[in-house]
file input.pdb (PDB, C-alpha atoms and all ligand atoms)
ATOM      1  CA  MET A   1     -13.130  66.509 -36.702  1.00  0.00           C
ATOM      2  CA  HIS A   2     -15.380  63.813 -35.252  1.00  0.00           C
ATOM      3  CA  VAL A   3     -14.239  60.191 -35.260  1.00  0.00           C
ATOM      4  CA  LYS A   4     -16.889  59.350 -37.862  1.00  0.00           C
ATOM      5  CA  GLU A   5     -15.524  62.051 -40.141  1.00  0.00           C
ATOM      6  CA  ALA A   6     -11.949  60.815 -39.788  1.00  0.00           C
ATOM      7  CA  ILE A   7     -13.079  57.242 -40.482  1.00  0.00           C
ATOM      8  CA  GLU A   8     -14.937  58.317 -43.605  1.00  0.00           C
ATOM      9  CA  LYS A   9     -12.203  60.651 -44.820  1.00  0.00           C
ATOM     10  CA  ARG A  10      -9.281  58.241 -44.468  1.00  0.00           C
ATOM     11  CA  ARG A  11      -7.901  56.739 -47.679  1.00  0.00           C
ATOM     12  CA  SER A  12      -4.712  54.960 -48.548  1.00  0.00           C
ATOM     13  CA  ILE A  13      -2.502  57.760 -49.803  1.00  0.00           C
ATOM     14  CA  ARG A  14       0.469  56.903 -51.977  1.00  0.00           C
ATOM     15  CA  LYS A  15       1.416  60.343 -53.317  1.00  0.00           C
ATOM     16  CA  PHE A  16       2.616  63.094 -51.032  1.00  0.00           C
ATOM     17  CA  GLU A  17       3.685  66.707 -51.080  1.00  0.00           C
ATOM     18  CA  GLU A  18       7.349  67.502 -50.454  1.00  0.00           C
ATOM     19  CA  LYS A  19       6.402  69.253 -47.211  1.00  0.00           C
ATOM     20  CA  GLN A  20       7.908  67.616 -44.138  1.00  0.00           C
ATOM     21  CA  VAL A  21       5.912  66.522 -41.111  1.00  0.00           C
ATOM     22  CA  SER A  22       7.179  67.986 -37.842  1.00  0.00           C
ATOM     23  CA  ASP A  23       8.408  65.775 -34.997  1.00  0.00           C
ATOM     24  CA  GLU A  24       5.773  67.396 -32.808  1.00  0.00           C
ATOM     25  CA  ILE A  25       2.991  66.123 -35.037  1.00  0.00           C
ATOM     26  CA  ILE A  26       4.507  62.655 -35.240  1.00  0.00           C
ATOM     27  CA  ARG A  27       4.631  62.557 -31.431  1.00  0.00           C
ATOM     28  CA  GLU A  28       1.045  63.771 -31.252  1.00  0.00           C
ATOM     29  CA  ILE A  29      -0.060  60.881 -33.484  1.00  0.00           C
ATOM     30  CA  ILE A  30       1.891  58.306 -31.494  1.00  0.00           C
ATOM     31  CA  ASP A  31       0.461  59.776 -28.308  1.00  0.00           C
ATOM     32  CA  SER A  32      -2.998  58.914 -29.642  1.00  0.00           C
ATOM     33  CA  ALA A  33      -1.895  55.454 -30.761  1.00  0.00           C
ATOM     34  CA  ARG A  34      -0.508  54.653 -27.333  1.00  0.00           C
ATOM     35  CA  ARG A  35      -3.982  55.203 -25.862  1.00  0.00           C
ATOM     36  CA  ALA A  36      -5.315  52.232 -27.819  1.00  0.00           C
ATOM     37  CA  PRO A  37      -6.344  49.186 -25.814  1.00  0.00           C
ATOM     38  CA  SER A  38      -4.145  46.084 -25.810  1.00  0.00           C
ATOM     39  CA  GLY A  39      -4.562  42.604 -24.388  1.00  0.00           C
ATOM     40  CA  CYS A  40      -3.558  42.575 -20.710  1.00  0.00           C
ATOM     41  CA  ASN A  41      -2.522  46.191 -21.282  1.00  0.00           C
ATOM     42  CA  VAL A  42       0.856  45.028 -22.598  1.00  0.00           C
ATOM     43  CA  GLN A  43       1.163  47.950 -25.038  1.00  0.00           C
ATOM     44  CA  PRO A  44       3.644  46.143 -27.275  1.00  0.00           C
ATOM     45  CA  THR A  45       3.777  48.650 -30.144  1.00  0.00           C
ATOM     46  CA  ARG A  46       7.085  50.350 -30.843  1.00  0.00           C
ATOM     47  CA  TYR A  47       7.725  52.881 -33.593  1.00  0.00           C
ATOM     48  CA  ILE A  48      10.756  53.468 -35.774  1.00  0.00           C
ATOM     49  CA  ILE A  49      10.483  56.678 -37.743  1.00  0.00           C
ATOM     50  CA  ILE A  50      12.401  56.883 -40.987  1.00  0.00           C
ATOM     51  CA  LYS A  51      12.661  60.312 -42.541  1.00  0.00           C
ATOM     52  CA  ASP A  52      16.166  60.568 -43.880  1.00  0.00           C
ATOM     53  CA  LYS A  53      16.974  59.900 -47.527  1.00  0.00           C
ATOM     54  CA  LYS A  54      20.053  57.855 -46.676  1.00  0.00           C
ATOM     55  CA  THR A  55      18.086  55.199 -44.793  1.00  0.00           C
ATOM     56  CA  LYS A  56      15.404  55.104 -47.488  1.00  0.00           C
ATOM     57  CA  GLU A  57      18.094  54.642 -50.141  1.00  0.00           C
ATOM     58  CA  LYS A  58      19.710  51.887 -48.116  1.00  0.00           C
ATOM     59  CA  LEU A  59      16.365  50.079 -47.829  1.00  0.00           C
ATOM     60  CA  LYS A  60      15.758  50.551 -51.547  1.00  0.00           C
ATOM     61  CA  LYS A  61      19.127  49.095 -52.413  1.00  0.00           C
ATOM     62  CA  LYS A  62      18.261  46.046 -50.348  1.00  0.00           C
ATOM     63  CA  GLY A  63      14.804  45.745 -51.941  1.00  0.00           C
ATOM     64  CA  VAL A  64      12.915  45.889 -48.644  1.00  0.00           C
ATOM     65  CA  PHE A  65       9.754  47.274 -50.256  1.00  0.00           C
ATOM     66  CA  ARG A  66       8.486  46.316 -53.695  1.00  0.00           C
ATOM     67  CA  GLN A  67       6.675  49.553 -54.455  1.00  0.00           C
ATOM     68  CA  ASP A  68       8.740  52.622 -55.340  1.00  0.00           C
ATOM     69  CA  PHE A  69       6.294  55.113 -53.836  1.00  0.00           C
ATOM     70  CA  VAL A  70       7.195  53.768 -50.387  1.00  0.00           C
ATOM     71  CA  TYR A  71      10.765  55.079 -50.653  1.00  0.00           C
ATOM     72  CA  GLU A  72       9.466  58.385 -51.988  1.00  0.00           C
ATOM     73  CA  SER A  73       7.088  59.029 -49.098  1.00  0.00           C
ATOM     74  CA  PRO A  74       8.183  61.657 -46.538  1.00  0.00           C
ATOM     75  CA  ILE A  75       7.976  59.269 -43.590  1.00  0.00           C
ATOM     76  CA  ILE A  76       8.061  55.521 -43.184  1.00  0.00           C
ATOM     77  CA  VAL A  77       6.912  54.428 -39.748  1.00  0.00           C
ATOM     78  CA  VAL A  78       7.808  50.877 -38.827  1.00  0.00           C
ATOM     79  CA  LEU A  79       5.404  49.423 -36.277  1.00  0.00           C
ATOM     80  CA  CYS A  80       6.888  46.524 -34.398  1.00  0.00           C
ATOM     81  CA  GLY A  81       6.813  44.733 -31.079  1.00  0.00           C
ATOM     82  CA  ASN A  82       8.415  42.063 -28.977  1.00  0.00           C
ATOM     83  CA  PRO A  83       6.048  39.074 -28.478  1.00  0.00           C
ATOM     84  CA  LYS A  84       8.024  38.133 -25.364  1.00  0.00           C
ATOM     85  CA  GLU A  85       6.502  41.144 -23.608  1.00  0.00           C
ATOM     86  CA  TYR A  86       3.361  39.074 -23.166  1.00  0.00           C
ATOM     87  CA  GLU A  87       5.152  36.570 -21.000  1.00  0.00           C
ATOM     88  CA  ASN A  88       5.528  38.469 -17.721  1.00  0.00           C
ATOM     89  CA  PHE A  89       1.980  39.769 -17.112  1.00  0.00           C
ATOM     90  CA  LYS A  90       3.273  42.718 -15.084  1.00  0.00           C
ATOM     91  CA  GLU A  91       0.874  45.224 -16.681  1.00  0.00           C
ATOM     92  CA  VAL A  92      -2.219  43.385 -15.383  1.00  0.00           C
ATOM     93  CA  LYS A  93      -1.446  44.252 -11.751  1.00  0.00           C
ATOM     94  CA  TYR A  94      -3.883  47.156 -11.786  1.00  0.00           C
ATOM     95  CA  GLN A  95      -6.586  44.896 -13.214  1.00  0.00           C
ATOM     96  CA  GLN A  96      -6.058  42.441 -10.387  1.00  0.00           C
ATOM     97  CA  GLU A  97      -6.384  45.341  -7.955  1.00  0.00           C
ATOM     98  CA  GLU A  98      -9.573  46.450  -9.704  1.00  0.00           C
ATOM     99  CA  GLY A  99     -10.860  42.894  -9.356  1.00  0.00           C
ATOM    100  CA  THR A 100     -11.342  42.469 -13.108  1.00  0.00           C
ATOM    101  CA  LEU A 101      -8.772  39.661 -13.299  1.00  0.00           C
ATOM    102  CA  PRO A 102      -8.130  36.892 -10.742  1.00  0.00           C
ATOM    103  CA  LYS A 103      -5.112  37.159  -8.386  1.00  0.00           C
ATOM    104  CA  ASP A 104      -4.095  33.691  -9.477  1.00  0.00           C
ATOM    105  CA  LEU A 105      -3.278  33.891 -13.184  1.00  0.00           C
ATOM    106  CA  THR A 106      -2.647  30.182 -13.767  1.00  0.00           C
ATOM    107  CA  GLU A 107      -5.769  29.666 -15.883  1.00  0.00           C
ATOM    108  CA  VAL A 108      -5.340  32.959 -17.764  1.00  0.00           C
ATOM    109  CA  LYS A 109      -1.762  32.053 -18.630  1.00  0.00           C
ATOM    110  CA  LYS A 110      -2.844  28.608 -19.863  1.00  0.00           C
ATOM    111  CA  VAL A 111      -5.250  30.169 -22.351  1.00  0.00           C
ATOM    112  CA  LEU A 112      -2.743  32.742 -23.579  1.00  0.00           C
ATOM    113  CA  ARG A 113       0.410  30.641 -23.718  1.00  0.00           C
ATOM    114  CA  GLY A 114       1.913  30.137 -27.177  1.00  0.00           C
ATOM    115  CA  ILE A 115      -0.072  32.820 -29.003  1.00  0.00           C
ATOM    116  CA  GLU A 116       2.200  35.761 -28.213  1.00  0.00           C
ATOM    117  CA  GLU A 117       2.905  36.570 -31.854  1.00  0.00           C
ATOM    118  CA  GLU A 118      -0.799  36.551 -32.690  1.00  0.00           C
ATOM    119  CA  ARG A 119      -1.422  38.886 -29.753  1.00  0.00           C
ATOM    120  CA  ALA A 120       1.333  41.253 -30.866  1.00  0.00           C
ATOM    121  CA  ASN A 121      -0.100  41.278 -34.381  1.00  0.00           C
ATOM    122  CA  ARG A 122      -3.559  42.096 -33.029  1.00  0.00           C
ATOM    123  CA  ASP A 123      -2.480  44.781 -30.566  1.00  0.00           C
ATOM    124  CA  ILE A 124      -0.147  46.548 -32.986  1.00  0.00           C
ATOM    125  CA  SER A 125      -2.977  46.547 -35.521  1.00  0.00           C
ATOM    126  CA  ILE A 126      -5.390  48.136 -33.055  1.00  0.00           C
ATOM    127  CA  ALA A 127      -2.854  50.845 -32.153  1.00  0.00           C
ATOM    128  CA  SER A 128      -2.280  51.464 -35.851  1.00  0.00           C
ATOM    129  CA  SER A 129      -5.982  52.254 -36.350  1.00  0.00           C
ATOM    130  CA  PHE A 130      -5.745  54.984 -33.745  1.00  0.00           C
ATOM    131  CA  PHE A 131      -2.567  56.129 -35.489  1.00  0.00           C
ATOM    132  CA  VAL A 132      -4.067  56.500 -38.960  1.00  0.00           C
ATOM    133  CA  LEU A 133      -7.274  58.122 -37.741  1.00  0.00           C
ATOM    134  CA  ARG A 134      -5.423  60.735 -35.717  1.00  0.00           C
ATOM    135  CA  ALA A 135      -3.111  61.335 -38.679  1.00  0.00           C
ATOM    136  CA  THR A 136      -6.193  61.844 -40.868  1.00  0.00           C
ATOM    137  CA  GLU A 137      -7.581  64.339 -38.389  1.00  0.00           C
ATOM    138  CA  LEU A 138      -4.307  66.267 -38.560  1.00  0.00           C
ATOM    139  CA  GLY A 139      -4.523  66.485 -42.358  1.00  0.00           C
ATOM    140  CA  LEU A 140      -2.033  63.724 -43.090  1.00  0.00           C
ATOM    141  CA  GLY A 141      -2.299  60.867 -45.523  1.00  0.00           C
ATOM    142  CA  THR A 142      -1.230  57.348 -44.634  1.00  0.00           C
ATOM    143  CA  CYS A 143      -0.945  53.959 -46.294  1.00  0.00           C
ATOM    144  CA  TYR A 144      -0.292  50.619 -44.670  1.00  0.00           C
ATOM    145  CA  ILE A 145       2.432  48.614 -46.362  1.00  0.00           C
ATOM    146  CA  GLY A 146       2.515  44.920 -45.701  1.00  0.00           C
ATOM    147  CA  LEU A 147       4.474  43.963 -48.788  1.00  0.00           C
ATOM    148  CA  ILE A 148       7.836  43.898 -47.032  1.00  0.00           C
ATOM    149  CA  ASN A 149      10.928  41.780 -47.034  1.00  0.00           C
ATOM    150  CA  ARG A 150      10.815  41.571 -43.236  1.00  0.00           C
ATOM    151  CA  ASP A 151      14.081  39.761 -42.602  1.00  0.00           C
ATOM    152  CA  VAL A 152      16.044  42.377 -44.513  1.00  0.00           C
ATOM    153  CA  LEU A 153      14.124  45.257 -42.914  1.00  0.00           C
ATOM    154  CA  LYS A 154      14.923  43.887 -39.455  1.00  0.00           C
ATOM    155  CA  GLU A 155      18.558  43.406 -40.338  1.00  0.00           C
ATOM    156  CA  GLU A 156      18.940  46.930 -41.729  1.00  0.00           C
ATOM    157  CA  LEU A 157      17.186  48.607 -38.791  1.00  0.00           C
ATOM    158  CA  ASN A 158      18.652  46.376 -36.086  1.00  0.00           C
ATOM    159  CA  ILE A 159      15.252  45.067 -35.067  1.00  0.00           C
ATOM    160  CA  PRO A 160      15.697  41.769 -33.185  1.00  0.00           C
ATOM    161  CA  LYS A 161      14.832  38.697 -35.288  1.00  0.00           C
ATOM    162  CA  ASP A 162      12.118  37.517 -32.890  1.00  0.00           C
ATOM    163  CA  TRP A 163      10.222  40.833 -32.927  1.00  0.00           C
ATOM    164  CA  PHE A 164       7.059  41.069 -34.952  1.00  0.00           C
ATOM    165  CA  VAL A 165       6.668  43.592 -37.782  1.00  0.00           C
ATOM    166  CA  PRO A 166       3.143  43.377 -39.222  1.00  0.00           C
ATOM    167  CA  PHE A 167       3.482  46.407 -41.520  1.00  0.00           C
ATOM    168  CA  VAL A 168       4.882  49.876 -41.933  1.00  0.00           C
ATOM    169  CA  ILE A 169       2.799  53.006 -42.435  1.00  0.00           C
ATOM    170  CA  ILE A 170       3.909  55.630 -44.912  1.00  0.00           C
ATOM    171  CA  MET A 171       2.816  59.135 -44.111  1.00  0.00           C
ATOM    172  CA  GLY A 172       2.923  62.714 -45.320  1.00  0.00           C
ATOM    173  CA  TYR A 173       0.752  65.542 -46.561  1.00  0.00           C
ATOM    174  CA  PRO A 174      -1.366  64.075 -49.388  1.00  0.00           C
ATOM    175  CA  SER A 175      -1.030  65.223 -52.968  1.00  0.00           C
ATOM    176  CA  GLU A 176      -3.867  62.999 -54.182  1.00  0.00           C
ATOM    177  CA  ASN A 177      -7.488  62.756 -53.167  1.00  0.00           C
ATOM    178  CA  PRO A 178      -8.768  59.295 -54.032  1.00  0.00           C
ATOM    179  CA  GLN A 179     -12.416  58.282 -53.894  1.00  0.00           C
ATOM    180  CA  GLN A 180     -13.631  55.838 -51.284  1.00  0.00           C
ATOM    181  CA  ARG A 181     -12.465  52.396 -52.424  1.00  0.00           C
ATOM    182  CA  PRO A 182     -15.112  49.698 -52.826  1.00  0.00           C
ATOM    183  CA  ARG A 183     -16.609  48.359 -49.619  1.00  0.00           C
ATOM    184  CA  LYS A 184     -18.780  45.321 -49.067  1.00  0.00           C
ATOM    185  CA  ASP A 185     -22.408  45.899 -48.300  1.00  0.00           C
ATOM    186  CA  LEU A 186     -23.402  45.960 -44.628  1.00  0.00           C
ATOM    187  CA  ASN A 187     -25.828  43.093 -45.218  1.00  0.00           C
ATOM    188  CA  GLU A 188     -22.965  40.943 -46.449  1.00  0.00           C
ATOM    189  CA  LEU A 189     -20.984  41.625 -43.290  1.00  0.00           C
ATOM    190  CA  ILE A 190     -23.596  41.144 -40.599  1.00  0.00           C
ATOM    191  CA  LEU A 191     -24.078  37.391 -40.485  1.00  0.00           C
ATOM    192  CA  LYS A 192     -26.808  37.201 -37.872  1.00  0.00           C
TER     193      LYS A 192
HETATM  194  C1  LIG B 201      -2.429  45.484 -43.279  1.00  0.00           C
HETATM  195  C2  LIG B 201      -2.456  46.195 -44.603  1.00  0.00           C
HETATM  196  C3  LIG B 201      -1.433  46.022 -45.507  1.00  0.00           C
HETATM  197  C4  LIG B 201      -1.415  46.723 -46.714  1.00  0.00           C
HETATM  198  N1  LIG B 201      -0.348  46.608 -47.539  1.00  0.00           N
HETATM  199  C5  LIG B 201      -0.292  47.349 -48.653  1.00  0.00           C
HETATM  200  C6  LIG B 201       0.871  47.279 -49.488  1.00  0.00           C
HETATM  201  O1  LIG B 201       1.821  46.567 -49.220  1.00  0.00           O
HETATM  202  N2  LIG B 201       0.893  48.073 -50.576  1.00  0.00           N
HETATM  203  C7  LIG B 201      -0.141  48.913 -50.913  1.00  0.00           C
HETATM  204  O2  LIG B 201      -0.050  49.611 -51.929  1.00  0.00           O
HETATM  205  N3  LIG B 201      -1.236  48.993 -50.135  1.00  0.00           N
HETATM  206  C8  LIG B 201      -1.339  48.226 -49.017  1.00  0.00           C
HETATM  207  N4  LIG B 201      -2.436  48.321 -48.195  1.00  0.00           N
HETATM  208  C9  LIG B 201      -3.533  49.263 -48.530  1.00  0.00           C
HETATM  209  C10 LIG B 201      -4.769  48.554 -49.066  1.00  0.00           C
HETATM  210  O3  LIG B 201      -4.574  48.191 -50.384  1.00  0.00           O
HETATM  211  C11 LIG B 201      -5.974  49.529 -48.891  1.00  0.00           C
HETATM  212  O4  LIG B 201      -6.215  49.760 -47.549  1.00  0.00           O
HETATM  213  C12 LIG B 201      -7.236  48.983 -49.560  1.00  0.00           C
HETATM  214  O5  LIG B 201      -7.081  48.848 -50.940  1.00  0.00           O
HETATM  215  C13 LIG B 201      -8.457  49.882 -49.295  1.00  0.00           C
HETATM  216  O6  LIG B 201      -8.200  51.210 -49.701  1.00  0.00           O
HETATM  217  P1  LIG B 201      -8.342  52.419 -48.672  1.00  0.00           P
HETATM  218  O7  LIG B 201      -7.289  52.210 -47.583  1.00  0.00           O
HETATM  219  O8  LIG B 201      -8.094  53.668 -49.436  1.00  0.00           O
HETATM  220  O9  LIG B 201      -9.712  52.354 -48.088  1.00  0.00           O
HETATM  221  C14 LIG B 201      -2.489  47.591 -47.018  1.00  0.00           C
HETATM  222  C15 LIG B 201      -3.538  47.748 -46.118  1.00  0.00           C
HETATM  223  C16 LIG B 201      -3.527  47.078 -44.913  1.00  0.00           C
HETATM  224  C17 LIG B 201      -4.638  47.299 -43.930  1.00  0.00           C
END
call {"tool": "encode", "arguments": {"input": "input.pdb", "output": "structure tokens"}}
result
Amino acid sequence: MHVKEAIEKRRSIRKFEEKQVSDEIIREIIDSARRAPSGCNVQPTRYIIIKDKKTKEKLKKKGVFRQDFVYESPIIVVLCGNPKEYENFKEVKYQQEEGTLPKDLTEVKKVLRGIEEERANRDISIASSFFVLRATELGLGTCYIGLINRDVLKEELNIPKDWFVPFVIIMGYPSENPQQRPRKDLNELILK
């Protein structure tokens, strides 16, 4: 499948077959997501894969998600990251060697200081696009879920309080085939 095809085929899928997704396929998808670009190559995205009923039931009891289909999906993937990872700049060493960033990072750090959470949000989101497109190519359905009680989710999954969790992605083999949802016209989007 070409990228264009995957982009055009992807839909938010909220109904899934019972069929389980193998660990091999999940790793394959995350392998694609980890190839996504990230600011200063920090690669902040971490994945927590929830497959077992017990954990889903525990989350349901605590009201983490407000939509029942989330608990019924075969897999819930929590995408998260530690904003503090942006503070040490160790991943830019190769860029300094390439000459695409200055050796002295004082000015760079000034610009980037204080927006670590925003950067984590952005970079996790970019990785997630790679994730859902690769999943689509492999015949899987996905749906982003941002309607989350984050504090409770973090508590239940032992995710540190200061980590960022923009959304989870539910995933499985689709048992629905929705039409393309409405999209704005190109002319409305291109401002100049
Ligand atoms: C960041 C993000 C958060 C979302 N959160 C939810 C959610 O909590 N519940 C839900 O049912 N759909 C959620 N969606 C799915 C959107 O409703 C969906 O992408 C949109 O309606 C367009 O439909 P499509 O994905 O099929 O093109 C979310 C999508 C994104 C990108």
call {"tool": "atom_distance", "arguments": {"input": "input.pdb", "atom1": "CA of Phe164 in chain A", "atom2": "CA of Ser125 in chain A"}}
result
11.4 Å
call {"tool": "closest_atom_pairs", "arguments": {"input": "input.pdb", "of": "range 14-103 of chain A", "to": "range 139-150 of chain A", "cutoff": "8 Å", "atoms": "all atoms listed in the file", "output": "Markdown table"}}
result
| residue | atom | partner | partner_atom | distance |
| --- | --- | --- | --- | --- |
| A:Arg14 | CA | A:Cys143 | CA | 6.6 |
| A:Phe16 | CA | A:Gly141 | CA | 7.7 |
| A:Gly63 | CA | A:Asn149 | CA | 7.4 |
| A:Val64 | CA | A:Asn149 | CA | 4.8 |
| A:Phe65 | CA | A:Ile148 | CA | 5.0 |
| A:Arg66 | CA | A:Leu147 | CA | 6.8 |
call {"tool": "residues_around", "arguments": {"input": "input.pdb", "residues": "Lys53 in chain A", "least_positions_apart": "2", "cutoff": "12 Å", "atoms": "only C-alpha atoms", "output": "ChimeraX atom specification"}}
result
/A:50-51,55-60,70-76
call {"tool": "atom_distance", "arguments": {"input": "input.pdb", "atom1": "CA of Gly114 in chain A", "atom2": "CA of Val78 in chain A"}}
result
24.5 Å
call {"tool": "atom_distance", "arguments": {"input": "input.pdb", "atom1": "atom C14 of ligand LIG 201 (chain B)", "atom2": "CA of Gln179 in chain A"}}
result
16.1 Å
call {"tool": "closest_residue", "arguments": {"input": "input.pdb", "among": "A:Phe130, A:Asn187, A:Trp163, A:Asn158", "to": "Ser32 in chain A", "atoms": "only C-alpha atoms"}}
result
A:Phe130
call {"tool": "build_atoms", "arguments": {"input": "input.pdb", "residues": "range 1-10 of chain A", "atoms": "all heavy atoms", "output": "short mmCIF file (atom, residue, chain, number, x, y, z; two decimals), in the coordinates of the input"}}
result
data_model
loop_
_atom_site.label_atom_id
_atom_site.label_comp_id
_atom_site.auth_asym_id
_atom_site.auth_seq_id
_atom_site.Cartn_x
_atom_site.Cartn_y
_atom_site.Cartn_z
N MET A 1 -12.56 67.59 -35.90
CA MET A 1 -13.13 66.51 -36.70
C MET A 1 -13.64 65.40 -35.79
O MET A 1 -12.95 65.00 -34.85
CB MET A 1 -12.04 65.95 -37.64
CG MET A 1 -12.55 64.97 -38.67
SD MET A 1 -11.22 64.30 -39.69
CE MET A 1 -10.87 65.64 -40.81
N HIS A 2 -14.86 64.92 -36.04
CA HIS A 2 -15.38 63.81 -35.25
C HIS A 2 -14.77 62.50 -35.75
O HIS A 2 -14.30 62.41 -36.89
CB HIS A 2 -16.90 63.76 -35.37
CG HIS A 2 -17.56 64.95 -34.73
ND1 HIS A 2 -17.55 65.14 -33.37
CD2 HIS A 2 -18.21 65.99 -35.26
CE1 HIS A 2 -18.19 66.28 -33.10
NE2 HIS A 2 -18.59 66.81 -34.23
N VAL A 3 -14.82 61.49 -34.89
CA VAL A 3 -14.24 60.19 -35.26
C VAL A 3 -14.86 59.68 -36.56
O VAL A 3 -14.15 59.21 -37.46
CB VAL A 3 -14.45 59.16 -34.12
CG1 VAL A 3 -13.90 57.79 -34.52
CG2 VAL A 3 -13.80 59.63 -32.83
N LYS A 4 -16.18 59.82 -36.66
CA LYS A 4 -16.89 59.35 -37.86
C LYS A 4 -16.31 60.01 -39.12
O LYS A 4 -16.11 59.35 -40.15
CB LYS A 4 -18.38 59.68 -37.71
CG LYS A 4 -19.26 59.20 -38.86
CD LYS A 4 -20.72 59.53 -38.55
CE LYS A 4 -21.69 58.81 -39.46
NZ LYS A 4 -21.74 59.33 -40.80
N GLU A 5 -16.05 61.30 -39.00
CA GLU A 5 -15.52 62.05 -40.14
C GLU A 5 -14.14 61.53 -40.53
O GLU A 5 -13.83 61.37 -41.72
CB GLU A 5 -15.39 63.51 -39.71
CG GLU A 5 -16.25 64.49 -40.46
CD GLU A 5 -16.03 65.87 -39.90
OE1 GLU A 5 -16.36 66.08 -38.70
OE2 GLU A 5 -15.53 66.73 -40.66
N ALA A 6 -13.31 61.31 -39.52
CA ALA A 6 -11.95 60.82 -39.79
C ALA A 6 -12.02 59.43 -40.43
O ALA A 6 -11.30 59.14 -41.39
CB ALA A 6 -11.14 60.76 -38.49
N ILE A 7 -12.92 58.60 -39.92
CA ILE A 7 -13.08 57.24 -40.48
C ILE A 7 -13.49 57.33 -41.95
O ILE A 7 -12.96 56.62 -42.81
CB ILE A 7 -14.14 56.44 -39.67
CG1 ILE A 7 -13.58 56.09 -38.29
CG2 ILE A 7 -14.58 55.20 -40.42
CD1 ILE A 7 -14.61 55.52 -37.33
N GLU A 8 -14.42 58.23 -42.24
CA GLU A 8 -14.94 58.32 -43.60
C GLU A 8 -13.98 59.05 -44.56
O GLU A 8 -14.02 58.85 -45.77
CB GLU A 8 -16.33 58.97 -43.58
CG GLU A 8 -17.33 58.00 -42.95
CD GLU A 8 -18.74 58.57 -42.81
OE1 GLU A 8 -18.98 59.72 -43.22
OE2 GLU A 8 -19.60 57.84 -42.26
N LYS A 9 -13.13 59.87 -43.99
CA LYS A 9 -12.20 60.65 -44.82
C LYS A 9 -10.92 59.86 -45.15
O LYS A 9 -10.29 60.10 -46.18
CB LYS A 9 -11.84 61.93 -44.06
CG LYS A 9 -11.22 62.97 -44.93
CD LYS A 9 -11.10 64.31 -44.26
CE LYS A 9 -10.28 65.20 -45.15
NZ LYS A 9 -9.30 65.98 -44.45
N ARG A 10 -10.55 58.95 -44.27
CA ARG A 10 -9.28 58.24 -44.47
C ARG A 10 -9.25 57.45 -45.77
O ARG A 10 -10.20 56.82 -46.15
CB ARG A 10 -9.04 57.28 -43.29
CG ARG A 10 -7.65 56.62 -43.34
CD ARG A 10 -7.68 55.24 -42.74
NE ARG A 10 -8.62 54.39 -43.43
CZ ARG A 10 -8.37 53.76 -44.59
NH1 ARG A 10 -7.19 53.87 -45.17
NH2 ARG A 10 -9.30 53.02 -45.17
#
